[in-house]
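The data block below is input-v5.txt; it holds compact mmCIF, C-alpha atoms.
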```txt
# COMPACT_ATOMS: atom_id res chain seq x y z
CA MET N 184 -23.32 30.17 -14.31
CA VAL N 185 -22.74 26.98 -12.32
CA GLU N 186 -19.87 25.86 -14.55
CA GLU N 187 -18.29 29.29 -14.40
CA TRP N 188 -18.07 29.08 -10.60
CA SER N 189 -17.39 25.34 -10.23
CA ASN N 190 -13.92 24.05 -9.42
CA ASP N 191 -12.53 20.56 -9.87
CA GLY N 192 -11.56 19.44 -6.36
CA LEU N 193 -8.78 17.18 -7.67
CA SER N 194 -7.12 20.14 -9.38
CA ALA N 195 -7.78 22.68 -6.64
CA LEU N 196 -6.32 20.65 -3.77
CA LYS N 197 -2.52 20.50 -3.71
CA LEU N 198 -0.58 18.52 -1.12
CA ARG N 199 3.06 18.87 -0.14
CA LEU N 200 5.50 17.30 2.31
CA VAL N 201 7.68 20.12 3.64
CA ARG N 202 11.24 19.71 4.97
CA SER N 203 13.42 22.13 6.86
CA ASP N 204 15.73 24.31 4.80
CA GLU N 205 18.75 22.21 5.78
CA ASP N 206 16.97 18.93 4.99
CA ALA N 207 15.81 20.27 1.61
CA LYS N 208 19.40 21.15 0.66
CA LEU N 209 20.40 17.49 1.11
CA LEU N 210 18.08 16.36 -1.67
CA SER N 211 19.37 15.55 -5.14
CA GLU N 212 17.61 16.99 -8.17
CA ASP N 213 15.69 13.73 -8.63
CA ASP N 214 14.66 13.78 -4.98
CA LYS N 215 13.21 17.29 -5.20
CA THR N 216 9.88 15.63 -6.10
CA LYS N 217 9.66 14.69 -2.42
CA ILE N 218 9.08 18.34 -1.53
CA SER N 219 7.00 19.29 -4.58
CA ASP N 220 3.22 19.60 -4.82
CA PHE N 221 1.25 16.45 -5.58
CA SER N 222 -2.43 15.83 -6.19
CA PRO N 223 -4.99 13.52 -4.60
CA THR N 224 -6.55 10.61 -6.50
CA PHE N 225 -9.96 11.02 -4.87
CA VAL N 226 -11.69 13.88 -3.05
CA TYR N 227 -15.30 12.66 -3.09
CA PRO N 228 -15.17 11.55 0.58
CA ILE N 229 -14.48 15.20 1.45
CA PHE N 230 -16.14 17.33 -1.24
CA GLY N 231 -18.92 14.99 -2.41
CA GLU N 232 -19.53 12.58 -5.27
CA GLU N 233 -19.08 15.20 -7.99
CA GLU N 234 -15.70 16.20 -6.50
CA THR N 235 -16.47 19.85 -7.23
CA ILE N 236 -16.29 23.00 -5.11
CA PHE N 237 -18.76 25.73 -6.00
CA GLY N 238 -18.40 29.45 -5.70
CA TYR N 239 -14.89 30.38 -6.79
CA GLN N 240 -12.74 31.28 -9.73
CA GLY N 241 -9.06 30.44 -9.56
CA LEU N 242 -9.49 28.37 -6.40
CA GLN N 243 -6.33 26.92 -4.83
CA ILE N 244 -6.24 24.85 -1.64
CA GLN N 245 -2.84 24.19 -0.13
CA LEU N 246 -2.64 21.40 2.44
CA ARG N 247 0.94 20.97 3.57
CA PHE N 248 2.54 18.58 6.04
CA ALA N 249 5.77 18.71 7.98
CA SER N 250 7.50 15.73 6.36
CA GLY N 251 8.11 13.91 9.63
CA SER N 252 5.61 15.00 12.27
CA LEU N 253 2.86 15.66 9.69
CA ALA N 254 1.95 18.94 11.41
CA GLN N 255 -0.37 20.67 8.94
CA TYR N 256 -0.86 23.98 7.19
CA LEU N 257 -4.07 24.82 5.33
CA ASN N 258 -4.51 27.84 3.10
CA VAL N 259 -7.34 28.68 0.68
CA THR N 260 -6.92 31.36 -2.01
CA TYR N 261 -9.00 32.39 -5.03
CA ASP N 262 -9.32 35.11 -7.64
CA GLU N 263 -13.04 35.69 -7.19
CA LYS N 264 -15.78 34.44 -4.89
CA PHE N 265 -19.44 34.03 -5.83
CA PRO N 266 -21.53 36.77 -4.22
CA SER N 267 -24.04 35.29 -1.79
CA THR N 268 -27.65 35.71 -2.93
CA GLY N 269 -29.35 34.32 0.14
CA GLU N 270 -30.41 31.11 -1.54
CA VAL N 271 -27.09 30.30 -3.19
CA GLU N 272 -23.71 30.77 -1.58
CA ALA N 273 -20.18 29.57 -2.14
CA ASP N 274 -18.95 26.38 -0.53
CA ASP N 275 -16.51 26.74 2.33
CA PRO N 276 -13.62 24.35 1.54
CA GLU N 277 -11.70 25.20 4.73
CA LYS N 278 -14.72 24.47 6.89
CA THR N 279 -15.25 21.21 4.98
CA LEU N 280 -11.63 20.09 5.42
CA TYR N 281 -11.78 21.06 9.10
CA ASN N 282 -13.97 17.99 9.64
CA PHE N 283 -11.24 15.67 8.30
CA ILE N 284 -7.98 17.00 9.77
CA PRO N 285 -6.86 17.85 13.32
CA PRO N 286 -8.01 21.32 14.42
CA ASP N 287 -4.50 22.49 15.36
CA TYR N 288 -3.41 23.12 11.76
CA ALA N 289 -1.47 26.32 11.05
CA LYS N 290 -3.16 29.10 9.10
CA GLN N 291 -0.10 31.28 8.69
CA LEU N 292 2.89 30.13 6.63
CA PRO N 293 5.58 31.67 8.91
CA GLU N 294 4.08 29.84 11.88
CA PHE N 295 4.07 26.57 9.93
CA SER N 296 7.66 27.09 8.75
CA LYS N 297 8.80 27.46 12.36
CA THR N 298 7.05 24.19 13.21
CA VAL N 299 8.76 22.42 10.31
CA GLU N 300 12.20 23.68 11.42
CA ARG N 301 11.58 22.67 15.04
CA ASP N 302 10.14 19.26 14.21
CA SER N 303 13.03 18.44 11.89
CA LEU N 304 15.28 18.44 14.97
CA THR N 305 12.93 16.82 17.47
CA PHE N 306 10.62 14.41 15.62
CA LYS N 307 11.16 10.69 16.17
CA PRO N 308 8.92 7.94 14.75
CA VAL N 309 6.30 6.58 17.12
CA GLY N 310 6.25 2.85 17.76
CA THR N 311 8.82 0.09 17.51
CA LYS N 312 11.02 -0.54 14.49
CA VAL N 313 10.13 -3.89 12.89
CA GLY N 314 12.30 -3.77 9.77
CA SER N 315 14.21 -1.68 7.27
CA TYR N 316 15.43 -1.77 3.69
CA ARG N 317 17.66 0.08 1.27
CA ILE N 318 17.09 1.14 -2.34
CA LYS N 319 19.66 -0.22 -4.79
CA SER N 320 21.19 1.49 -7.82
CA GLU N 321 20.91 0.03 -11.31
CA LYS N 322 24.29 -1.63 -10.81
CA GLY N 323 22.95 -3.39 -7.75
CA THR N 324 24.89 -1.29 -5.24
CA SER N 325 23.32 0.87 -2.57
CA ALA N 326 22.12 4.33 -3.51
CA SER N 327 21.16 7.30 -1.41
CA ASN N 328 18.80 9.00 -3.82
CA GLY N 329 16.00 6.44 -3.64
CA LYS N 330 15.65 6.35 -7.43
CA GLY N 331 17.70 3.32 -8.44
CA LYS N 332 15.96 0.34 -9.95
CA GLY N 333 17.53 -3.08 -10.18
CA LYS N 334 17.54 -4.83 -13.54
CA GLY N 335 18.14 -8.37 -14.70
CA LYS N 336 17.64 -11.66 -12.89
CA VAL N 337 18.68 -13.19 -9.61
CA ALA N 338 19.62 -16.87 -9.71
CA VAL N 339 18.02 -19.24 -7.23
CA THR N 340 19.72 -22.49 -6.27
CA ASP N 341 16.60 -24.60 -6.65
CA GLY N 342 13.92 -23.05 -8.82
CA PRO N 343 13.24 -20.36 -11.41
CA SER N 344 15.31 -17.18 -11.60
CA LEU N 345 13.81 -14.14 -9.92
CA PRO N 346 13.39 -10.59 -11.23
CA GLU N 347 15.88 -8.31 -9.50
CA ARG N 348 14.28 -5.91 -7.06
CA SER N 349 15.06 -2.22 -6.62
CA TRP N 350 15.41 -2.75 -2.88
CA GLU N 351 16.85 -5.17 -0.35
CA ILE N 352 16.07 -5.90 3.28
CA ILE N 353 18.61 -4.69 5.82
CA GLY N 354 19.52 -7.53 8.14
CA GLU N 355 18.77 -7.35 11.84
CA GLY N 356 21.74 -5.83 13.65
CA GLU N 357 23.27 -4.49 10.42
CA ASP N 358 24.44 -0.88 10.60
CA PRO N 359 23.72 0.58 7.14
CA GLU N 360 26.31 2.90 5.65
CA GLU N 361 23.90 4.65 3.27
CA ASP N 362 22.82 8.22 3.84
CA VAL N 363 19.25 7.12 3.16
CA VAL N 364 17.44 3.96 4.22
CA TYR N 365 13.79 3.21 4.89
CA GLU N 366 12.43 2.07 8.24
CA VAL N 367 9.11 0.52 9.21
CA TYR N 368 7.63 1.11 12.67
CA GLY N 369 4.81 -0.84 14.30
CA ALA N 370 2.19 0.82 16.49
CA THR N 371 -1.22 0.28 18.10
CA TRP N 372 -3.66 2.67 19.74
CA ASP N 373 -1.78 2.06 23.01
CA THR N 374 1.53 3.29 21.57
CA PRO N 375 2.37 6.66 23.20
CA GLY N 376 1.65 9.49 20.78
CA PHE N 377 0.25 7.27 18.04
CA LYS N 378 -3.41 8.33 18.20
CA GLU N 379 -2.38 11.93 17.65
CA TYR N 380 -0.05 10.93 14.81
CA HIS N 381 -2.73 8.76 13.19
CA ARG N 382 -5.16 11.69 13.17
CA ARG N 383 -2.63 13.55 11.03
CA MET N 384 -1.91 10.76 8.56
CA GLN N 385 -5.38 9.23 8.17
CA VAL N 386 -6.53 11.83 5.62
CA PHE N 387 -4.28 10.11 3.08
CA VAL N 388 -6.51 7.01 2.99
CA LEU N 389 -9.45 9.15 1.90
CA LEU N 390 -7.35 10.78 -0.81
CA TYR N 391 -5.71 7.62 -2.21
CA ILE N 392 -7.87 4.57 -1.41
CA GLU N 393 -11.20 4.28 -3.17
CA GLY N 394 -14.06 3.77 -0.74
CA ALA N 395 -11.90 4.29 2.35
CA THR N 396 -13.31 5.68 5.58
CA TYR N 397 -11.82 6.67 8.92
CA ILE N 398 -11.51 3.88 11.46
CA ASP N 399 -12.60 3.61 15.08
CA GLU N 400 -9.94 4.67 17.59
CA ASP N 401 -11.77 2.77 20.32
CA ASP N 402 -11.41 -0.60 18.59
CA PRO N 403 -8.30 -2.30 20.06
CA ARG N 404 -8.00 -4.82 17.23
CA TRP N 405 -6.28 -2.37 14.88
CA GLU N 406 -2.52 -2.29 14.40
CA PHE N 407 -0.31 -0.30 12.04
CA LEU N 408 3.02 -0.22 10.24
CA ILE N 409 4.37 3.22 9.27
CA LEU N 410 7.06 3.74 6.62
CA PHE N 411 9.69 6.45 7.06
CA GLU N 412 12.63 7.61 4.99
CA ARG N 413 15.59 7.89 7.38
CA ARG N 414 18.21 10.34 6.15
CA LYS N 415 21.55 11.24 7.70
CA ARG N 416 22.11 14.92 8.46
CA GLY N 417 25.59 15.41 9.79
CA SER N 418 25.89 13.44 13.02
CA SER N 419 22.11 13.07 13.39
CA VAL N 420 19.29 11.51 11.39
CA THR N 421 15.88 12.76 10.32
CA HIS N 422 12.73 10.79 9.51
CA HIS N 423 10.20 11.60 6.79
CA PHE N 424 6.78 9.97 6.37
CA ALA N 425 6.33 7.92 3.18
CA GLY N 426 3.23 5.78 3.78
CA TYR N 427 1.57 3.25 6.04
CA THR N 428 -0.57 0.15 6.24
CA SER N 429 -3.17 -0.96 8.77
CA PHE N 430 -4.32 -4.41 9.90
CA TYR N 431 -7.40 -5.69 11.68
CA SER N 432 -7.23 -8.86 13.76
CA PHE N 433 -9.81 -11.63 14.08
CA PHE N 434 -9.86 -14.57 16.46
CA CYS N 435 -8.83 -17.80 14.74
CA TRP N 436 -9.73 -21.05 16.47
CA PRO N 437 -8.32 -22.43 18.66
CA ASP N 438 -5.78 -19.93 19.99
CA THR N 439 -4.38 -17.67 17.26
CA LYS N 440 -5.56 -14.69 15.26
CA ARG N 441 -5.94 -13.84 11.60
CA LEU N 442 -4.72 -10.45 10.39
CA ARG N 443 -6.53 -8.67 7.58
CA LEU N 444 -4.58 -5.99 5.74
CA SER N 445 -7.10 -3.18 5.45
CA GLN N 446 -5.42 0.05 4.26
CA PHE N 447 -2.21 0.48 2.30
CA VAL N 448 -0.87 3.87 1.18
CA ILE N 449 2.40 4.95 -0.40
CA LEU N 450 2.42 8.70 -1.03
CA PRO N 451 2.94 9.84 -4.66
CA PRO N 452 6.48 11.22 -4.14
CA TYR N 453 7.54 7.69 -3.17
CA GLN N 454 5.57 5.72 -5.76
CA GLY N 455 7.15 3.84 -8.65
CA GLN N 456 10.36 3.08 -6.74
CA GLY N 457 9.52 -0.26 -5.14
CA HIS N 458 8.40 1.05 -1.76
CA GLY N 459 5.03 -0.69 -1.99
CA SER N 460 6.49 -4.17 -2.40
CA ALA N 461 9.19 -3.38 0.18
CA LEU N 462 6.69 -2.26 2.82
CA TYR N 463 4.45 -5.24 2.09
CA SER N 464 7.41 -7.63 2.33
CA VAL N 465 8.60 -6.15 5.63
CA ALA N 466 5.05 -6.42 6.95
CA TYR N 467 4.77 -10.02 5.80
CA GLN N 468 8.11 -11.01 7.33
CA ASN N 469 7.00 -9.41 10.58
CA ILE N 470 3.85 -11.53 10.53
CA LEU N 471 5.85 -14.72 9.89
CA ARG N 472 7.88 -13.99 13.03
CA ARG N 473 4.79 -13.71 15.23
CA PRO N 474 3.54 -17.09 16.49
CA GLU N 475 0.20 -15.65 17.61
CA ILE N 476 -0.77 -14.95 13.96
CA SER N 477 -1.85 -17.87 11.81
CA GLU N 478 -2.92 -16.16 8.57
CA LEU N 479 -2.71 -12.95 6.57
CA THR N 480 -5.63 -11.88 4.39
CA VAL N 481 -6.29 -8.70 2.39
CA GLU N 482 -9.49 -6.69 2.35
CA ASP N 483 -10.89 -5.96 -1.12
CA PRO N 484 -7.54 -5.19 -2.78
CA ALA N 485 -7.22 -2.78 -5.69
CA GLU N 486 -5.85 -4.28 -8.92
CA ALA N 487 -2.45 -2.63 -8.62
CA PHE N 488 -2.06 -3.80 -5.03
CA GLU N 489 -3.13 -7.34 -5.92
CA ASP N 490 -0.52 -7.51 -8.69
CA MET N 491 2.19 -6.24 -6.34
CA ARG N 492 1.16 -8.71 -3.66
CA ASP N 493 1.08 -11.66 -6.08
CA LYS N 494 4.59 -10.91 -7.32
CA ALA N 495 5.94 -10.30 -3.82
CA ASP N 496 4.43 -13.52 -2.45
CA LEU N 497 5.65 -15.58 -5.42
CA HIS N 498 9.13 -14.06 -5.11
CA MET N 499 9.20 -14.98 -1.42
CA LEU N 500 8.01 -18.57 -1.93
CA ILE N 501 10.56 -19.19 -4.69
CA THR N 502 13.34 -17.59 -2.64
CA GLU N 503 12.45 -19.88 0.27
CA GLY N 504 12.29 -22.92 -2.00
CA ALA N 505 8.85 -23.51 -0.51
CA LEU N 506 7.29 -24.87 -3.72
CA SER N 507 10.26 -26.83 -5.07
CA GLY N 508 9.23 -30.25 -6.32
CA LEU N 509 5.50 -29.51 -6.44
CA THR N 510 3.73 -30.86 -9.52
CA ALA N 511 0.12 -31.32 -10.57
CA PRO N 512 -1.95 -33.03 -9.33
CA ILE N 513 -1.19 -31.27 -6.06
CA SER N 514 -1.05 -33.27 -2.84
CA ARG N 515 -3.43 -31.49 -0.48
CA ASP N 516 -1.59 -32.70 2.62
CA VAL N 517 1.75 -31.40 1.38
CA SER N 518 0.39 -28.10 0.09
CA GLU N 519 -1.60 -27.39 3.25
CA THR N 520 1.52 -27.86 5.36
CA ILE N 521 3.31 -25.27 3.20
CA ARG N 522 0.34 -22.89 3.21
CA LYS N 523 0.04 -22.91 6.98
CA LYS N 524 3.78 -22.43 7.44
CA TYR N 525 3.70 -19.29 5.31
CA LYS N 526 0.38 -18.07 6.76
CA LEU N 527 -1.26 -17.43 3.39
CA ALA N 528 -5.02 -17.50 2.83
CA ASP N 529 -6.35 -20.50 0.91
CA ARG N 530 -7.25 -18.81 -2.39
CA GLN N 531 -4.07 -16.70 -2.48
CA PHE N 532 -1.80 -19.66 -1.78
CA TYR N 533 -3.27 -21.95 -4.43
CA ARG N 534 -3.18 -19.18 -7.03
CA LEU N 535 0.54 -18.80 -6.25
CA VAL N 536 1.03 -22.56 -6.57
CA GLU N 537 -0.65 -22.47 -9.98
CA MET N 538 1.60 -19.59 -11.07
CA TYR N 539 4.64 -21.54 -9.96
CA LEU N 540 3.50 -24.69 -11.77
CA LEU N 541 2.94 -22.69 -14.96
CA LEU N 542 6.36 -21.08 -14.55
CA THR N 543 8.07 -24.47 -14.27
CA LEU N 544 5.92 -26.30 -16.80
CA ASP N 545 7.57 -28.06 -19.74
CA SER N 546 5.36 -27.10 -22.70
CA SER N 547 6.36 -30.31 -24.52
CA ASP N 548 5.14 -32.57 -21.71
CA ARG N 549 1.50 -33.21 -22.61
CA ALA N 550 0.78 -35.25 -19.48
CA ARG N 551 1.95 -32.44 -17.19
CA LEU N 552 0.08 -29.84 -19.25
CA THR N 553 -3.13 -31.84 -18.83
CA ALA N 554 -2.54 -32.37 -15.11
CA TYR N 555 -1.94 -28.63 -14.67
CA ARG N 556 -5.09 -27.68 -16.58
CA LEU N 557 -7.22 -30.10 -14.57
CA ALA N 558 -5.75 -28.88 -11.26
CA VAL N 559 -6.56 -25.25 -12.07
CA LYS N 560 -10.04 -26.12 -13.33
CA ARG N 561 -10.70 -28.16 -10.19
CA ARG N 562 -9.95 -25.14 -8.00
CA LEU N 563 -11.97 -22.80 -10.22
CA TYR N 564 -14.92 -25.18 -10.14
CA ALA N 565 -14.80 -25.44 -6.35
CA TRP N 566 -14.52 -21.65 -6.01
CA ASN N 567 -17.42 -20.94 -8.42
CA ARG N 568 -19.48 -24.08 -7.81
CA GLU N 569 -22.68 -22.32 -6.76
CA MET N 570 -22.80 -20.22 -9.93
CA LEU N 571 -21.75 -23.06 -12.25
CA MET N 572 -24.39 -25.43 -10.91
CA GLN N 573 -27.08 -23.05 -12.15
CA ILE N 574 -26.24 -23.71 -15.82
CA ASP N 575 -26.39 -26.93 -17.86
CA THR N 576 -23.43 -29.28 -18.22
CA ASP N 577 -22.31 -28.25 -21.72
CA GLU N 578 -22.42 -24.54 -20.94
CA ARG N 579 -20.66 -25.23 -17.65
CA LYS N 580 -17.75 -26.84 -19.48
CA VAL N 581 -17.52 -23.88 -21.86
CA LYS N 582 -17.55 -21.35 -19.03
CA LEU N 583 -14.95 -23.29 -17.08
CA GLN N 584 -12.65 -23.45 -20.11
CA GLU N 585 -13.09 -19.72 -20.77
CA THR N 586 -12.29 -18.95 -17.14
CA PHE N 587 -9.24 -21.22 -17.23
CA LEU N 588 -7.85 -19.47 -20.32
CA ALA N 589 -8.41 -16.04 -18.78
CA VAL N 590 -6.69 -17.12 -15.54
CA GLU N 591 -3.78 -18.65 -17.43
CA GLU N 592 -3.33 -15.46 -19.46
CA ASP N 593 -3.30 -13.39 -16.28
CA TYR N 594 -0.76 -15.75 -14.68
CA ARG N 595 1.53 -15.36 -17.69
CA ARG N 596 1.33 -11.59 -17.29
CA LEU N 597 2.24 -11.83 -13.61
CA ILE N 598 5.16 -14.25 -14.02
CA GLU N 599 6.62 -12.43 -17.04
CA GLY N 600 9.57 -11.15 -15.00
CA PHE N 601 10.39 -14.63 -13.66
CA ALA N 602 12.21 -17.28 -15.66
```
Translate this structure into structure tokens?
Amino acid sequence: MVEEWSNDGLSALKLRLVRSDEDAKLLSEDDKTKISDFSPTFVYPIFGEEETIFGYQGLQIQLRFASGSLAQYLNVTYDEKFPSTGEVEADDPEKTLYNFIPPDYAKQLPEFSKTVERDSLTFKPVGTKVGSYRIKSEKGTSASNGKGKGKGKVAVTDGPSLPERSWEIIGEGEDPEEDVVYEVYGATWDTPGFKEYHRRMQVFVLLYIEGATYIDEDDPRWEFLILFERRKRGSSVTHHFAGYTSFYSFFCWPDTKRLRLSQFVILPPYQGQGHGSALYSVAYQNILRRPEISELTVEDPAEAFEDMRDKADLHMLITEGALSGLTAPISRDVSETIRKKYKLADRQFYRLVEMYLLLTLDSSDRARLTAYRLAVKRRLYAWNREMLMQIDTDERKVKLQETFLAVEEDYRRLIEGFA
């Protein structure tokens, strides 16, 4: 009986970003995915560890968002509902979701449609624009459909060639000609209108970041970057939410602060197009411009995010020529000067240095190969010293070699697109 009336929450809940009729007509066939239903990755923070909803057959939960303002519409339908027996009754998915979204959501579709049409004309991003980028076509020219992906390599004057990206930063003061570009806006709790906007977008962290929870609006150390698609519509422009990232600041002696990237979400209709690395890169460049920040760290990154970050950071360091001339053994004085200039955390920076050294290593130069291996092992030993000291010397050497080989293999995977 239980299985007959149990519903998979991941299948039952459907999300959608809704545009006005006029905005929807501007979309190409490929871009229609931006206004199609998409599913969450997790629902256990809302519906419990089993991610099931009891008491229905044919359950469908529609949670829709105005694509810019994120005004919401919630509708629950089903074919049959379990008859209450006194001891056992059906779950109430609307009541459950009520605890996680603002209470002003629309319950009637016509009412919501009017809100979407109105907001498409009036909505403007909250906060201050900190950067923007364009998506390139496969030929390397600008594209308005957001689907192009660059191919091939980009030559660097001094260093390895770089994998071509699907996007490029729009320079400050540049007036883009494209119909579609992407803009990043910075905000804090003090930004007018941001608390209300955050209450609408925060549900996405529960649905797409494992282990995520809502954050404290009364803590002033939070700051945010929000990603919008900006699309021309006649003589005006419209903005459509695509994702966001949040940061938490810590005091760093003597007079700066360290930023920890805490949450990072790109919504499914925008995934797989380079928006993650573009948003991260805009965020990172913004941090480099701020003298009050001395370091960027990342909180418990997921594997996919860590890969993206590694490639983005390595791309940036090679583009800047920051690691040119570095060889193993690494001069700590020289490397620390570079690390502090680029505000990278210790472990992240030295992993990037090791990737770069591997990328530029001459496999026929035995002396350099040995120096590289010893440099990596030295860092691994220092990082895992407490654990390694608990085993005998011979086993320690074996474990260190095994770890080195695993790290080297992972580096080769990450630098595969570089040459």
Would you list the contacts of range 436-447 of chain N as a compact mmCIF listing (two decimals) with C-alpha atoms, in the frame of the given file, taking every protein, DNA or RNA residue within 7 Å and counting all atoms listed in the file, but skipping same-chain residues closer than 4 positions in sequence?
```
# COMPACT_ATOMS: atom_id res chain seq x y z
CA TYR N 427 1.57 3.25 6.04
CA THR N 428 -0.57 0.15 6.24
CA SER N 429 -3.17 -0.96 8.77
CA PHE N 430 -4.32 -4.41 9.90
CA TYR N 431 -7.40 -5.69 11.68
CA SER N 432 -7.23 -8.86 13.76
CA GLU N 475 0.20 -15.65 17.61
CA ILE N 476 -0.77 -14.95 13.96
CA SER N 477 -1.85 -17.87 11.81
CA GLU N 478 -2.92 -16.16 8.57
CA LEU N 479 -2.71 -12.95 6.57
CA THR N 480 -5.63 -11.88 4.39
CA VAL N 481 -6.29 -8.70 2.39
CA GLU N 482 -9.49 -6.69 2.35
```
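Taking all atoms listed in the file into account, Asp275 in chain N lies nearest to N:Val259 out of the set N:Leu471, N:Val337, N:Val259, N:Leu198.
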_Let me make sure I understand: among N:Thr305, N:Ser267, N:Gln385, N:Gln255, which one has the smallest atom-to-atom distance to Ala289 in chain N if we use all atoms listed in the file?_
N:Gln255
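CA of Met384 in chain N to CA of Ile229 in chain N spans 15.1 Å [interatomic distance, one decimal].
Each of N:Leu242, N:Gly417, N:Ser315, N:Thr371 was checked against Asp401 in chain N using only C-alpha atoms; the smallest atom-to-atom distance is that of N:Thr371.
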_Here is a test: counting all atoms listed in the file, which residue of N:Asn282, N:Ser349, N:Gln468, N:Ser222 is nearest to Gly455 in chain N?_
N:Ser349
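Here the question is which of N:Tyr316, N:Tyr539, N:Phe283, N:Phe387 gets nearest to Ile598 in chain N using only C-alpha atoms, and that residue is N:Tyr539.
The point (-3.8, 24.5, -10.5) has these residues within 7 Å of it when only C-alpha atoms are used: Ser194, Ala195 and Gln243 of chain N.
Distance annotation: of N:Pro359, N:Glu406, N:Val448, N:Gln454, the residue with the minimal separation from Phe433 in chain N is N:Glu406; atom set is only C-alpha atoms.
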*To one decimal place, how far is CA of Leu210 in chain N from CA of Glu351 in chain N in Å?*
21.6 Å
_So that I can check the surroundings of Val313 in chain N, please list as JSON, numbers by chain every protein, DNA and RNA residue that reaches within 12 Å of it, counting only C-alpha atoms and ignoring chain neighbours fewer than 5 positions away._
{"N": [352, 353, 354, 355, 356, 365, 366, 367, 368, 369, 370, 407, 408, 409, 410, 411, 462, 464, 465, 466, 467, 468, 469, 470, 472, 473]}
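Across the model, the gap from CA of Tyr239 in chain N to CA of Ser189 in chain N is 6.6 Å.
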_Shell around Leu390 in chain N at 9 Å using only C-alpha atoms, local window under 2 positions removed, as number ranges by chain_ = N: 222-229, 386-388, 392-393, 395
Which centre and edge lengths in Å to one decimal define the box along x, y and z that fits every listed atom of range 527-537 of chain N plus 3 Å per side, as lines of an AutoDock Vina configuration file?
```
center_x = -3.1
center_y = -19.6
center_z = -3.3
size_x = 14.3
size_y = 11.9
size_z = 19.4
```
*Excluding range 568-572 of chain N and residues on its chain fewer than 5 positions from it, collect all residues at most 12 Å away from it, counting only C-alpha atoms, and give them as JSON, numbers by chain.*
{"N": [560, 561, 562, 563, 577, 578, 579, 580, 581, 582, 583, 586]}
_Given the point (-5.5, -20.2, 0.1) in the coordinates of this file, which residues lie within 12 Å, counting all atoms listed in the file, and how would they look as a PyMOL selection string?_
chain N and resi 478-481+515+518-523+525-537+562+566
